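Student: The structure is given below, and queries will be raised subsequently.
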Amino acid sequence: MDALAGLLDGPRARGAFLLRSLLTPPWSLRIQDQAPLTLVAMVRGQAWVVPDRGEAVRLRPGDVAIMRGPDPYTVADDPATPPQVVIQPGQHCTTPRGEPLAQAMDLGVRTWGNSPDGSTMMITGTYQMRGEISRRLLAALPALLVLPGDAWDCPLIPLLGDEIVKDEPGQEAVLDRLLDLLLIAVLRAWFSRPEAEAPAWYRAQSDPVVGRALRMLHNNPAHPWTVAALAAGSGVSRASLARRFTELVGEPPMTFLTGWRLAMAADLLRETDATVGAVARQVGYGSPFALSAAFKRVFGVSPQEYRAG
């Protein structure tokens with residue numbers, strides 16, 4: 001498994017919220033749904049994403065924005081337009097005064113807005129539960145990223161646009177998988193860009209020594225690794241590997257391995273029904289007690305409490 005495959009192995013939409021919006025200016029949506037990750041693809045027109053902290057960013061046709069929650073933000077035709085709609089947790093839609101709006105703005109199958117002929121069309125996909133997105137992926141992303149439409153060529157947005165308005169058997173599963181594919185395609189394109197704020201360990205993959213050590217850890221996290229074993233596999237001395245690894249990744253090899261194992265454990269606890277003992281074995285801990293002790297030091301709760309949360 002390479003670093004990108006490991007990072008993107010987490011998206012698992014389950015009944016994700018997907019919506020096509022048709023809007024005529026002026027319009028402004030205040031998003032405070034606390035969702036862990038939201039993707040907005042502009043089909044026509046333009047929009048502004050206005051974070052509570054940071055600069056507003058314009059979206060043009062073909063652009064895709066990814067917002068990492070749970071912090072609120074605003075999407076509007078213009079940064080100066082005051083919010084007219086508030087999206088609450090559970091995708092509950094109200095006016096700023098709390099009056100329900102879902103029925104009033106319903107325009108058909110998974111279609112919503114203030115005008116059926118709206119000059120702005122955008123597709124929104126929201127992962128609503130933390131377990132649908134791996135902790136490793138969320139930690140690697142900025143609060144807001146935008147992939148310009150001219151930076152990639154992907155047929156998934158038109159396909160999602162066609163599928164989102166269908167009401168056929170199994171359609172929810174089709175849309176979940178399309179959302180996963182679109183997210184992975186966007187992130188793969190974004191991580192390849194020089195301005196991408198990729199994690200240090202991801203950038204270090206290009207180093208001939210540290211990259212080899214990282215691939216060993218990624219491919220077999222349950223192995224009883226030592227710095228000496230990693231150094232031998234990388235063709236350098238222990239001291240050389242430890243120094244170079246720490247310089248490029250930002251932490252020593254064994255510290256990185258512990259974080260990687262615990263991040264994998266967190267994903268497995270949320271995504272599977274495996275026992276704590278089975279998870280411990282899969283990520284390289286000799287017993288459920290050993291995993292629980294390490295897990296609680298990092299997450300502040302036991303694996304059982306994390307799974308139930």
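Letters A, B, ... mark the chains of the structure tokens in the order given; residue numbers begin at 1 per chain; ligand numbers begin at 1, in order shown.
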For Ala293 of chain A, list every protein, DNA or RNA residue within 12 Å, evaluated using only C-alpha atoms, and leave out those in the same chain fewer than 4 positions away; present the list as a CSV table (one decimal) with N, CA, C and O atoms, in the first residue's frame.

Tutor:
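Printed below is out20.csv as written:
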chain,number,residue,atom,x,y,z
A,262,LEU,N,-2.4,3.6,15.9
A,262,LEU,CA,-3.6,4.0,16.6
A,262,LEU,C,-4.6,4.6,15.7
A,262,LEU,O,-5.8,4.5,15.9
A,276,VAL,N,-11.9,-5.8,20.2
A,276,VAL,CA,-10.7,-5.0,20.5
A,276,VAL,C,-9.4,-5.8,20.4
A,276,VAL,O,-8.4,-5.4,19.9
A,280,ALA,N,-6.4,-5.1,18.0
A,280,ALA,CA,-5.0,-5.0,18.5
A,280,ALA,C,-4.0,-5.8,17.7
A,280,ALA,O,-2.9,-5.4,17.3
A,285,TYR,N,-0.4,-4.7,18.2
A,285,TYR,CA,-0.3,-4.7,19.7
A,285,TYR,C,-0.6,-6.2,20.2
A,285,TYR,O,-1.4,-6.9,19.7
A,286,GLY,N,0.2,-6.6,21.2
A,286,GLY,CA,0.2,-8.0,21.6
A,286,GLY,C,-1.0,-8.4,22.4
A,286,GLY,O,-1.3,-9.6,22.5
A,287,SER,N,-1.8,-7.4,22.9
A,287,SER,CA,-3.0,-7.7,23.7
A,287,SER,C,-4.0,-6.6,23.7
A,287,SER,O,-3.6,-5.4,23.4
A,288,PRO,N,-5.3,-6.8,24.0
A,288,PRO,CA,-6.2,-5.7,24.0
A,288,PRO,C,-5.8,-4.7,25.1
A,288,PRO,O,-6.1,-3.5,24.9
A,289,PHE,N,-5.2,-5.2,26.2
A,289,PHE,CA,-4.8,-4.3,27.3
A,289,PHE,C,-3.8,-3.3,26.7
A,289,PHE,O,-3.8,-2.1,27.0
A,297,ARG,N,-4.2,6.9,26.1
A,297,ARG,CA,-3.2,8.0,26.2
A,297,ARG,C,-3.3,9.1,25.1
A,297,ARG,O,-3.2,10.3,25.3
A,298,VAL,N,-3.7,8.6,23.9
A,298,VAL,CA,-3.8,9.5,22.7
A,298,VAL,C,-5.2,10.1,22.6
A,298,VAL,O,-5.3,11.3,22.4
A,299,PHE,N,-6.2,9.3,22.7
A,299,PHE,CA,-7.6,9.7,22.4
A,299,PHE,C,-8.3,10.2,23.7
A,299,PHE,O,-9.4,10.8,23.6
A,300,GLY,N,-7.8,9.8,24.9
A,300,GLY,CA,-8.5,10.2,26.1
A,300,GLY,C,-9.6,9.3,26.5
A,300,GLY,O,-10.2,9.5,27.5
A,301,VAL,N,-9.9,8.3,25.7
A,301,VAL,CA,-11.0,7.4,26.0
A,301,VAL,C,-10.6,6.0,25.6
A,301,VAL,O,-9.6,5.8,24.9
A,302,SER,N,-11.2,5.0,26.1
A,302,SER,CA,-10.9,3.6,25.8
A,302,SER,C,-11.4,3.3,24.4
A,302,SER,O,-12.3,4.0,23.9
A,303,PRO,N,-10.9,2.2,23.8
A,303,PRO,CA,-11.4,1.8,22.5
A,303,PRO,C,-12.9,1.6,22.5
A,303,PRO,O,-13.6,1.9,21.5
A,304,GLN,N,-13.4,1.0,23.6
A,304,GLN,CA,-14.9,0.7,23.6
A,304,GLN,C,-15.7,2.0,23.7
A,304,GLN,O,-16.7,2.2,23.0

Student: Fewer than 3 positions away in the same chain doesn't count, so skip those; otherwise give me all residues within 7 Å of Gln84 of chain A, counting only C-alpha atoms, as a PDB file with all heavy atoms, in the first residue's frame.

Tutor:
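Final file, out-v2.pdb:
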ATOM      1  N   TRP A  27     -28.531  34.915  -2.689  1.00  0.00           N
ATOM      2  CA  TRP A  27     -28.756  33.763  -1.830  1.00  0.00           C
ATOM      3  C   TRP A  27     -27.544  33.580  -0.918  1.00  0.00           C
ATOM      4  O   TRP A  27     -26.419  33.943  -1.256  1.00  0.00           O
ATOM      5  CB  TRP A  27     -29.013  32.494  -2.653  1.00  0.00           C
ATOM      6  CG  TRP A  27     -27.910  32.134  -3.611  1.00  0.00           C
ATOM      7  CD1 TRP A  27     -27.790  32.527  -4.916  1.00  0.00           C
ATOM      8  CD2 TRP A  27     -26.756  31.313  -3.320  1.00  0.00           C
ATOM      9  NE1 TRP A  27     -26.651  32.013  -5.472  1.00  0.00           N
ATOM     10  CE2 TRP A  27     -25.988  31.254  -4.519  1.00  0.00           C
ATOM     11  CE3 TRP A  27     -26.313  30.629  -2.209  1.00  0.00           C
ATOM     12  CZ2 TRP A  27     -24.800  30.548  -4.609  1.00  0.00           C
ATOM     13  CZ3 TRP A  27     -25.127  29.912  -2.282  1.00  0.00           C
ATOM     14  CH2 TRP A  27     -24.387  29.876  -3.467  1.00  0.00           C
ATOM     15  N   SER A  28     -27.795  33.014   0.248  1.00  0.00           N
ATOM     16  CA  SER A  28     -26.724  32.792   1.212  1.00  0.00           C
ATOM     17  C   SER A  28     -27.144  31.686   2.168  1.00  0.00           C
ATOM     18  O   SER A  28     -28.233  31.747   2.754  1.00  0.00           O
ATOM     19  CB  SER A  28     -26.414  34.079   1.993  1.00  0.00           C
ATOM     20  OG  SER A  28     -25.393  33.853   2.951  1.00  0.00           O
ATOM     21  N   LEU A  29     -26.286  30.679   2.299  1.00  0.00           N
ATOM     22  CA  LEU A  29     -26.570  29.512   3.134  1.00  0.00           C
ATOM     23  C   LEU A  29     -25.563  29.463   4.282  1.00  0.00           C
ATOM     24  O   LEU A  29     -24.353  29.390   4.042  1.00  0.00           O
ATOM     25  CB  LEU A  29     -26.472  28.223   2.315  1.00  0.00           C
ATOM     26  CG  LEU A  29     -27.111  28.220   0.921  1.00  0.00           C
ATOM     27  CD1 LEU A  29     -26.826  26.899   0.219  1.00  0.00           C
ATOM     28  CD2 LEU A  29     -28.602  28.486   1.017  1.00  0.00           C
ATOM     29  N   THR A  95     -34.972  29.048   8.409  1.00  0.00           N
ATOM     30  CA  THR A  95     -34.602  30.447   8.276  1.00  0.00           C
ATOM     31  C   THR A  95     -33.693  30.810   9.453  1.00  0.00           C
ATOM     32  O   THR A  95     -33.588  30.049  10.424  1.00  0.00           O
ATOM     33  CB  THR A  95     -35.846  31.344   8.320  1.00  0.00           C
ATOM     34  OG1 THR A  95     -36.428  31.281   9.639  1.00  0.00           O
ATOM     35  CG2 THR A  95     -36.876  30.911   7.293  1.00  0.00           C
ATOM     36  N   PRO A  96     -33.022  31.978   9.406  1.00  0.00           N
ATOM     37  CA  PRO A  96     -32.224  32.395  10.560  1.00  0.00           C
ATOM     38  C   PRO A  96     -33.038  32.476  11.856  1.00  0.00           C
ATOM     39  O   PRO A  96     -32.482  32.372  12.951  1.00  0.00           O
ATOM     40  CB  PRO A  96     -31.690  33.764  10.145  1.00  0.00           C
ATOM     41  CG  PRO A  96     -31.598  33.672   8.652  1.00  0.00           C
ATOM     42  CD  PRO A  96     -32.810  32.874   8.249  1.00  0.00           C
TER      43      PRO A  96
END

Student: Identify which of the residues A:Arg20, A:Glu197, A:Tyr202, A:Met254 lies closest to Pro224 of chain A, counting only C-alpha atoms when measuring atom-to-atom distances.

Tutor: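 Checking each of A:Arg20, A:Glu197, A:Tyr202, A:Met254 against Pro224 of chain A, counting only C-alpha atoms, the winner is A:Met254.
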
Student: Which residues of segment 232-290 of chain A come within 10 Å of segment 212-215 of chain A, and what is each one's closest atom pair and distance in Å (one decimal), counting only C-alpha atoms, sorted by chain and residue number, as JSON lines?

Tutor:
{"residue": "A:Ala232", "atom": "CA", "partner": "A:Ala213", "partner_atom": "CA", "distance": 9.5}
{"residue": "A:Gly233", "atom": "CA", "partner": "A:Ala213", "partner_atom": "CA", "distance": 7.2}
{"residue": "A:Ser234", "atom": "CA", "partner": "A:Arg212", "partner_atom": "CA", "distance": 5.9}
{"residue": "A:Gly235", "atom": "CA", "partner": "A:Arg212", "partner_atom": "CA", "distance": 9.4}
{"residue": "A:Leu241", "atom": "CA", "partner": "A:Ala213", "partner_atom": "CA", "distance": 8.5}
{"residue": "A:Phe245", "atom": "CA", "partner": "A:Ala213", "partner_atom": "CA", "distance": 8.5}
{"residue": "A:Val249", "atom": "CA", "partner": "A:Leu214", "partner_atom": "CA", "distance": 9.6}
{"residue": "A:Pro253", "atom": "CA", "partner": "A:Ala213", "partner_atom": "CA", "distance": 8.5}
{"residue": "A:Phe256", "atom": "CA", "partner": "A:Leu214", "partner_atom": "CA", "distance": 9.3}
{"residue": "A:Leu257", "atom": "CA", "partner": "A:Leu214", "partner_atom": "CA", "distance": 9.0}

Student: Give me the residues within 9 Å of Val283 of chain A as a PyMOL selection string, counting only C-alpha atoms and dropping any in the same chain fewer than 6 places off.

Tutor: chain A and resi 220-223+260-262+264-265+291

Student: Export, as a JSON list (two decimals), in the first residue's frame, the selected residues with all heavy atoms.

Tutor:
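Once everything was written out, this is out_33.json:
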[["chain", "number", "residue", "atom", "x", "y", "z"],
["A", 220, "ASN", "N", 3.02, -3.06, 6.45],
["A", 220, "ASN", "CA", 2.94, -4.10, 7.48],
["A", 220, "ASN", "C", 3.04, -3.48, 8.87],
["A", 220, "ASN", "O", 4.03, -3.67, 9.58],
["A", 220, "ASN", "CB", 4.07, -5.12, 7.27],
["A", 220, "ASN", "CG", 3.87, -6.37, 8.10],
["A", 220, "ASN", "OD1", 2.88, -6.51, 8.81],
["A", 220, "ASN", "ND2", 4.83, -7.28, 8.03],
["A", 221, "PRO", "N", 2.03, -2.72, 9.28],
["A", 221, "PRO", "CA", 2.10, -2.04, 10.58],
["A", 221, "PRO", "C", 2.13, -3.00, 11.76],
["A", 221, "PRO", "O", 2.58, -2.62, 12.85],
["A", 221, "PRO", "CB", 0.84, -1.18, 10.60],
["A", 221, "PRO", "CG", -0.11, -1.87, 9.67],
["A", 221, "PRO", "CD", 0.75, -2.45, 8.59],
["A", 222, "ALA", "N", 1.66, -4.23, 11.59],
["A", 222, "ALA", "CA", 1.62, -5.18, 12.70],
["A", 222, "ALA", "C", 2.97, -5.84, 12.96],
["A", 222, "ALA", "O", 3.16, -6.48, 14.00],
["A", 222, "ALA", "CB", 0.57, -6.25, 12.44],
["A", 223, "HIS", "N", 3.92, -5.67, 12.06],
["A", 223, "HIS", "CA", 5.24, -6.27, 12.25],
["A", 223, "HIS", "C", 5.94, -5.64, 13.45],
["A", 223, "HIS", "O", 5.80, -4.44, 13.70],
["A", 223, "HIS", "CB", 6.08, -6.06, 10.99],
["A", 223, "HIS", "CG", 7.42, -6.72, 11.03],
["A", 223, "HIS", "ND1", 7.59, -8.06, 10.81],
["A", 223, "HIS", "CD2", 8.66, -6.21, 11.27],
["A", 223, "HIS", "CE1", 8.87, -8.36, 10.90],
["A", 223, "HIS", "NE2", 9.55, -7.25, 11.19],
["A", 260, "TRP", "N", 0.48, 5.84, 13.60],
["A", 260, "TRP", "CA", -0.14, 5.15, 12.46],
["A", 260, "TRP", "C", -0.98, 3.97, 12.93],
["A", 260, "TRP", "O", -2.11, 3.77, 12.47],
["A", 260, "TRP", "CB", 0.97, 4.69, 11.52],
["A", 260, "TRP", "CG", 0.50, 4.02, 10.27],
["A", 260, "TRP", "CD1", 0.53, 2.70, 9.98],
["A", 260, "TRP", "CD2", -0.07, 4.66, 9.12],
["A", 260, "TRP", "NE1", 0.02, 2.46, 8.73],
["A", 260, "TRP", "CE2", -0.36, 3.65, 8.18],
["A", 260, "TRP", "CE3", -0.36, 5.99, 8.80],
["A", 260, "TRP", "CZ2", -0.92, 3.93, 6.93],
["A", 260, "TRP", "CZ3", -0.93, 6.26, 7.57],
["A", 260, "TRP", "CH2", -1.20, 5.24, 6.65],
["A", 261, "ARG", "N", -0.43, 3.20, 13.87],
["A", 261, "ARG", "CA", -1.18, 2.05, 14.38],
["A", 261, "ARG", "C", -2.46, 2.49, 15.08],
["A", 261, "ARG", "O", -3.53, 1.89, 14.89],
["A", 261, "ARG", "CB", -0.30, 1.27, 15.36],
["A", 261, "ARG", "CG", 0.78, 0.43, 14.70],
["A", 261, "ARG", "CD", 1.74, -0.14, 15.73],
["A", 261, "ARG", "NE", 2.58, -1.19, 15.16],
["A", 261, "ARG", "CZ", 3.62, -1.72, 15.79],
["A", 261, "ARG", "NH1", 3.95, -1.29, 17.01],
["A", 261, "ARG", "NH2", 4.33, -2.66, 15.20],
["A", 262, "LEU", "N", -2.39, 3.55, 15.87],
["A", 262, "LEU", "CA", -3.57, 3.99, 16.61],
["A", 262, "LEU", "C", -4.61, 4.62, 15.68],
["A", 262, "LEU", "O", -5.82, 4.47, 15.90],
["A", 262, "LEU", "CB", -3.17, 4.97, 17.72],
["A", 262, "LEU", "CG", -2.34, 4.35, 18.85],
["A", 262, "LEU", "CD1", -1.92, 5.42, 19.85],
["A", 262, "LEU", "CD2", -3.13, 3.24, 19.56],
["A", 264, "MET", "N", -5.08, 3.66, 12.58],
["A", 264, "MET", "CA", -5.72, 2.50, 11.96],
["A", 264, "MET", "C", -6.70, 1.85, 12.92],
["A", 264, "MET", "O", -7.80, 1.45, 12.53],
["A", 264, "MET", "CB", -4.65, 1.49, 11.54],
["A", 264, "MET", "CG", -3.80, 1.91, 10.37],
["A", 264, "MET", "SD", -2.69, 0.58, 9.85],
["A", 264, "MET", "CE", -3.87, -0.66, 9.35],
["A", 265, "ALA", "N", -6.30, 1.74, 14.19],
["A", 265, "ALA", "CA", -7.20, 1.13, 15.18],
["A", 265, "ALA", "C", -8.49, 1.93, 15.30],
["A", 265, "ALA", "O", -9.58, 1.36, 15.40],
["A", 265, "ALA", "CB", -6.50, 1.04, 16.53],
["A", 291, "LEU", "N", -3.23, -2.30, 23.64],
["A", 291, "LEU", "CA", -3.87, -1.34, 22.75],
["A", 291, "LEU", "C", -4.69, -0.33, 23.54],
["A", 291, "LEU", "O", -4.62, 0.88, 23.28],
["A", 291, "LEU", "CB", -4.77, -2.06, 21.74],
["A", 291, "LEU", "CG", -5.64, -1.14, 20.86],
["A", 291, "LEU", "CD1", -4.78, -0.21, 20.02],
["A", 291, "LEU", "CD2", -6.58, -1.96, 19.98]]

Student: At a cut-off of 10 Å, using only C-alpha atoms, what residues contact segment 105-116 of chain A? Leave out same-chain residues fewer than 6 positions from it and give the result as a PDB file with all heavy atoms, in the first residue's frame.

Tutor:
ATOM      1  N   PHE A  17     -25.536  12.497   2.645  1.00  0.00           N
ATOM      2  CA  PHE A  17     -26.454  13.545   2.216  1.00  0.00           C
ATOM      3  C   PHE A  17     -25.958  14.090   0.880  1.00  0.00           C
ATOM      4  O   PHE A  17     -24.842  14.595   0.774  1.00  0.00           O
ATOM      5  CB  PHE A  17     -26.500  14.652   3.256  1.00  0.00           C
ATOM      6  CG  PHE A  17     -27.347  15.827   2.857  1.00  0.00           C
ATOM      7  CD1 PHE A  17     -28.726  15.766   2.945  1.00  0.00           C
ATOM      8  CD2 PHE A  17     -26.760  16.988   2.370  1.00  0.00           C
ATOM      9  CE1 PHE A  17     -29.508  16.849   2.570  1.00  0.00           C
ATOM     10  CE2 PHE A  17     -27.528  18.076   2.001  1.00  0.00           C
ATOM     11  CZ  PHE A  17     -28.909  17.995   2.093  1.00  0.00           C
ATOM     12  N   LEU A  18     -26.783  13.979  -0.149  1.00  0.00           N
ATOM     13  CA  LEU A  18     -26.436  14.476  -1.473  1.00  0.00           C
ATOM     14  C   LEU A  18     -27.577  15.336  -1.995  1.00  0.00           C
ATOM     15  O   LEU A  18     -28.748  14.962  -1.901  1.00  0.00           O
ATOM     16  CB  LEU A  18     -26.178  13.313  -2.429  1.00  0.00           C
ATOM     17  CG  LEU A  18     -24.784  12.691  -2.305  1.00  0.00           C
ATOM     18  CD1 LEU A  18     -24.811  11.218  -2.668  1.00  0.00           C
ATOM     19  CD2 LEU A  18     -23.803  13.430  -3.204  1.00  0.00           C
ATOM     20  N   LEU A  19     -27.225  16.488  -2.548  1.00  0.00           N
ATOM     21  CA  LEU A  19     -28.252  17.439  -2.948  1.00  0.00           C
ATOM     22  C   LEU A  19     -27.765  18.262  -4.138  1.00  0.00           C
ATOM     23  O   LEU A  19     -26.595  18.662  -4.189  1.00  0.00           O
ATOM     24  CB  LEU A  19     -28.571  18.380  -1.777  1.00  0.00           C
ATOM     25  CG  LEU A  19     -29.775  19.290  -1.926  1.00  0.00           C
ATOM     26  CD1 LEU A  19     -31.070  18.468  -1.870  1.00  0.00           C
ATOM     27  CD2 LEU A  19     -29.786  20.337  -0.815  1.00  0.00           C
ATOM     28  N   ARG A  20     -28.675  18.486  -5.076  1.00  0.00           N
ATOM     29  CA  ARG A  20     -28.422  19.425  -6.161  1.00  0.00           C
ATOM     30  C   ARG A  20     -29.145  20.719  -5.815  1.00  0.00           C
ATOM     31  O   ARG A  20     -30.353  20.708  -5.554  1.00  0.00           O
ATOM     32  CB  ARG A  20     -28.937  18.861  -7.485  1.00  0.00           C
ATOM     33  CG  ARG A  20     -28.619  19.743  -8.680  1.00  0.00           C
ATOM     34  CD  ARG A  20     -29.161  19.155  -9.962  1.00  0.00           C
ATOM     35  NE  ARG A  20     -30.619  19.206 -10.011  1.00  0.00           N
ATOM     36  CZ  ARG A  20     -31.332  19.158 -11.130  1.00  0.00           C
ATOM     37  NH1 ARG A  20     -30.734  19.036 -12.300  1.00  0.00           N
ATOM     38  NH2 ARG A  20     -32.652  19.190 -11.093  1.00  0.00           N
ATOM     39  N   SER A  21     -28.429  21.832  -5.824  1.00  0.00           N
ATOM     40  CA  SER A  21     -29.022  23.125  -5.467  1.00  0.00           C
ATOM     41  C   SER A  21     -29.153  24.004  -6.698  1.00  0.00           C
ATOM     42  O   SER A  21     -28.204  24.138  -7.484  1.00  0.00           O
ATOM     43  CB  SER A  21     -28.157  23.849  -4.429  1.00  0.00           C
ATOM     44  OG  SER A  21     -28.068  23.095  -3.242  1.00  0.00           O
ATOM     45  N   LEU A  22     -30.344  24.592  -6.868  1.00  0.00           N
ATOM     46  CA  LEU A  22     -30.623  25.539  -7.944  1.00  0.00           C
ATOM     47  C   LEU A  22     -30.976  26.871  -7.302  1.00  0.00           C
ATOM     48  O   LEU A  22     -31.982  26.976  -6.588  1.00  0.00           O
ATOM     49  CB  LEU A  22     -31.778  25.039  -8.820  1.00  0.00           C
ATOM     50  CG  LEU A  22     -31.570  23.685  -9.511  1.00  0.00           C
ATOM     51  CD1 LEU A  22     -32.843  23.252 -10.220  1.00  0.00           C
ATOM     52  CD2 LEU A  22     -30.409  23.758 -10.492  1.00  0.00           C
ATOM     53  N   LEU A  23     -30.176  27.895  -7.568  1.00  0.00           N
ATOM     54  CA  LEU A  23     -30.316  29.143  -6.815  1.00  0.00           C
ATOM     55  C   LEU A  23     -30.180  30.349  -7.738  1.00  0.00           C
ATOM     56  O   LEU A  23     -29.344  30.371  -8.643  1.00  0.00           O
ATOM     57  CB  LEU A  23     -29.254  29.219  -5.720  1.00  0.00           C
ATOM     58  CG  LEU A  23     -29.319  28.110  -4.657  1.00  0.00           C
ATOM     59  CD1 LEU A  23     -27.981  27.916  -3.991  1.00  0.00           C
ATOM     60  CD2 LEU A  23     -30.403  28.447  -3.637  1.00  0.00           C
ATOM     61  N   THR A  24     -31.009  31.346  -7.483  1.00  0.00           N
ATOM     62  CA  THR A  24     -30.935  32.635  -8.162  1.00  0.00           C
ATOM     63  C   THR A  24     -30.527  33.688  -7.151  1.00  0.00           C
ATOM     64  O   THR A  24     -31.138  33.782  -6.077  1.00  0.00           O
ATOM     65  CB  THR A  24     -32.292  32.997  -8.789  1.00  0.00           C
ATOM     66  OG1 THR A  24     -32.593  32.059  -9.835  1.00  0.00           O
ATOM     67  CG2 THR A  24     -32.259  34.403  -9.381  1.00  0.00           C
ATOM     68  N   PRO A  25     -29.501  34.508  -7.434  1.00  0.00           N
ATOM     69  CA  PRO A  25     -29.072  35.546  -6.486  1.00  0.00           C
ATOM     70  C   PRO A  25     -30.197  36.540  -6.195  1.00  0.00           C
ATOM     71  O   PRO A  25     -31.054  36.774  -7.052  1.00  0.00           O
ATOM     72  CB  PRO A  25     -27.907  36.220  -7.217  1.00  0.00           C
ATOM     73  CG  PRO A  25     -27.427  35.184  -8.195  1.00  0.00           C
ATOM     74  CD  PRO A  25     -28.655  34.448  -8.624  1.00  0.00           C
ATOM     75  N   PRO A  26     -30.164  37.126  -4.998  1.00  0.00           N
ATOM     76  CA  PRO A  26     -29.185  36.902  -3.936  1.00  0.00           C
ATOM     77  C   PRO A  26     -29.549  35.662  -3.107  1.00  0.00           C
ATOM     78  O   PRO A  26     -30.717  35.398  -2.861  1.00  0.00           O
ATOM     79  CB  PRO A  26     -29.295  38.166  -3.094  1.00  0.00           C
ATOM     80  CG  PRO A  26     -30.728  38.586  -3.246  1.00  0.00           C
ATOM     81  CD  PRO A  26     -31.105  38.215  -4.657  1.00  0.00           C
ATOM     82  N   TRP A  27     -28.531  34.915  -2.689  1.00  0.00           N
ATOM     83  CA  TRP A  27     -28.756  33.763  -1.830  1.00  0.00           C
ATOM     84  C   TRP A  27     -27.544  33.580  -0.918  1.00  0.00           C
ATOM     85  O   TRP A  27     -26.419  33.943  -1.256  1.00  0.00           O
ATOM     86  CB  TRP A  27     -29.013  32.494  -2.653  1.00  0.00           C
ATOM     87  CG  TRP A  27     -27.910  32.134  -3.611  1.00  0.00           C
ATOM     88  CD1 TRP A  27     -27.790  32.527  -4.916  1.00  0.00           C
ATOM     89  CD2 TRP A  27     -26.756  31.313  -3.320  1.00  0.00           C
ATOM     90  NE1 TRP A  27     -26.651  32.013  -5.472  1.00  0.00           N
ATOM     91  CE2 TRP A  27     -25.988  31.254  -4.519  1.00  0.00           C
ATOM     92  CE3 TRP A  27     -26.313  30.629  -2.209  1.00  0.00           C
ATOM     93  CZ2 TRP A  27     -24.800  30.548  -4.609  1.00  0.00           C
ATOM     94  CZ3 TRP A  27     -25.127  29.912  -2.282  1.00  0.00           C
ATOM     95  CH2 TRP A  27     -24.387  29.876  -3.467  1.00  0.00           C
ATOM     96  N   CYS A  93     -33.173  22.246   7.679  1.00  0.00           N
ATOM     97  CA  CYS A  93     -33.068  23.534   6.989  1.00  0.00           C
ATOM     98  C   CYS A  93     -34.083  24.518   7.549  1.00  0.00           C
ATOM     99  O   CYS A  93     -35.292  24.245   7.575  1.00  0.00           O
ATOM    100  CB  CYS A  93     -33.312  23.289   5.497  1.00  0.00           C
ATOM    101  SG  CYS A  93     -33.411  24.755   4.505  1.00  0.00           S
ATOM    102  N   ILE A 123     -23.591  20.862  -6.681  1.00  0.00           N
ATOM    103  CA  ILE A 123     -23.859  19.560  -6.083  1.00  0.00           C
ATOM    104  C   ILE A 123     -23.118  19.480  -4.761  1.00  0.00           C
ATOM    105  O   ILE A 123     -21.915  19.755  -4.703  1.00  0.00           O
ATOM    106  CB  ILE A 123     -23.421  18.416  -7.017  1.00  0.00           C
ATOM    107  CG1 ILE A 123     -24.247  18.448  -8.302  1.00  0.00           C
ATOM    108  CG2 ILE A 123     -23.561  17.071  -6.323  1.00  0.00           C
ATOM    109  CD1 ILE A 123     -23.757  17.474  -9.350  1.00  0.00           C
ATOM    110  N   ILE A 164     -27.896  11.915  -9.435  1.00  0.00           N
ATOM    111  CA  ILE A 164     -28.445  12.458  -8.195  1.00  0.00           C
ATOM    112  C   ILE A 164     -29.954  12.694  -8.275  1.00  0.00           C
ATOM    113  O   ILE A 164     -30.654  12.697  -7.257  1.00  0.00           O
ATOM    114  CB  ILE A 164     -27.702  13.764  -7.817  1.00  0.00           C
ATOM    115  CG1 ILE A 164     -27.889  14.079  -6.324  1.00  0.00           C
ATOM    116  CG2 ILE A 164     -28.167  14.930  -8.671  1.00  0.00           C
ATOM    117  CD1 ILE A 164     -26.993  15.200  -5.822  1.00  0.00           C
ATOM    118  N   VAL A 165     -30.476  12.861  -9.489  1.00  0.00           N
ATOM    119  CA  VAL A 165     -31.904  13.139  -9.638  1.00  0.00           C
ATOM    120  C   VAL A 165     -32.714  11.884  -9.964  1.00  0.00           C
ATOM    121  O   VAL A 165     -33.915  11.961 -10.187  1.00  0.00           O
ATOM    122  CB  VAL A 165     -32.147  14.207 -10.718  1.00  0.00           C
ATOM    123  CG1 VAL A 165     -31.567  15.541 -10.280  1.00  0.00           C
ATOM    124  CG2 VAL A 165     -31.550  13.781 -12.058  1.00  0.00           C
ATOM    125  N   LYS A 166     -32.056  10.720  -9.967  1.00  0.00           N
ATOM    126  CA  LYS A 166     -32.768   9.473 -10.232  1.00  0.00           C
ATOM    127  C   LYS A 166     -33.341   8.904  -8.943  1.00  0.00           C
ATOM    128  O   LYS A 166     -32.758   9.051  -7.873  1.00  0.00           O
ATOM    129  CB  LYS A 166     -31.831   8.449 -10.880  1.00  0.00           C
ATOM    130  CG  LYS A 166     -31.369   8.834 -12.276  1.00  0.00           C
ATOM    131  CD  LYS A 166     -30.465   7.760 -12.862  1.00  0.00           C
ATOM    132  CE  LYS A 166     -29.989   8.152 -14.261  1.00  0.00           C
ATOM    133  NZ  LYS A 166     -29.074   7.114 -14.827  1.00  0.00           N
ATOM    134  N   ASP A 167     -34.471   8.262  -9.062  1.00  0.00           N
ATOM    135  CA  ASP A 167     -35.117   7.627  -7.910  1.00  0.00           C
ATOM    136  C   ASP A 167     -35.377   6.168  -8.264  1.00  0.00           C
ATOM    137  O   ASP A 167     -36.482   5.782  -8.597  1.00  0.00           O
ATOM    138  CB  ASP A 167     -36.419   8.358  -7.571  1.00  0.00           C
ATOM    139  CG  ASP A 167     -37.000   7.915  -6.244  1.00  0.00           C
ATOM    140  OD1 ASP A 167     -36.278   7.242  -5.487  1.00  0.00           O
ATOM    141  OD2 ASP A 167     -38.170   8.236  -5.972  1.00  0.00           O
TER     142      ASP A 167
END

Student: Which neighbours of Trp190 of chain A fall inside 9 Å, counting only C-alpha atoms, when residues of the same chain fewer than 5 positions from it are skipped, and could you give them as an NGL selection string?

Tutor: :A and (145-147 or 151 or 185 or 195-196)

Student: Could you pull out the strand (DSSP E) residues of segment 34-216 of chain A from DSSP and send them as a ChimeraX atom specification?

Tutor: /A:37-44,47-51,57-59,64-68,73-76,85-88,92-94,106-108,111-113,120-127,144-147
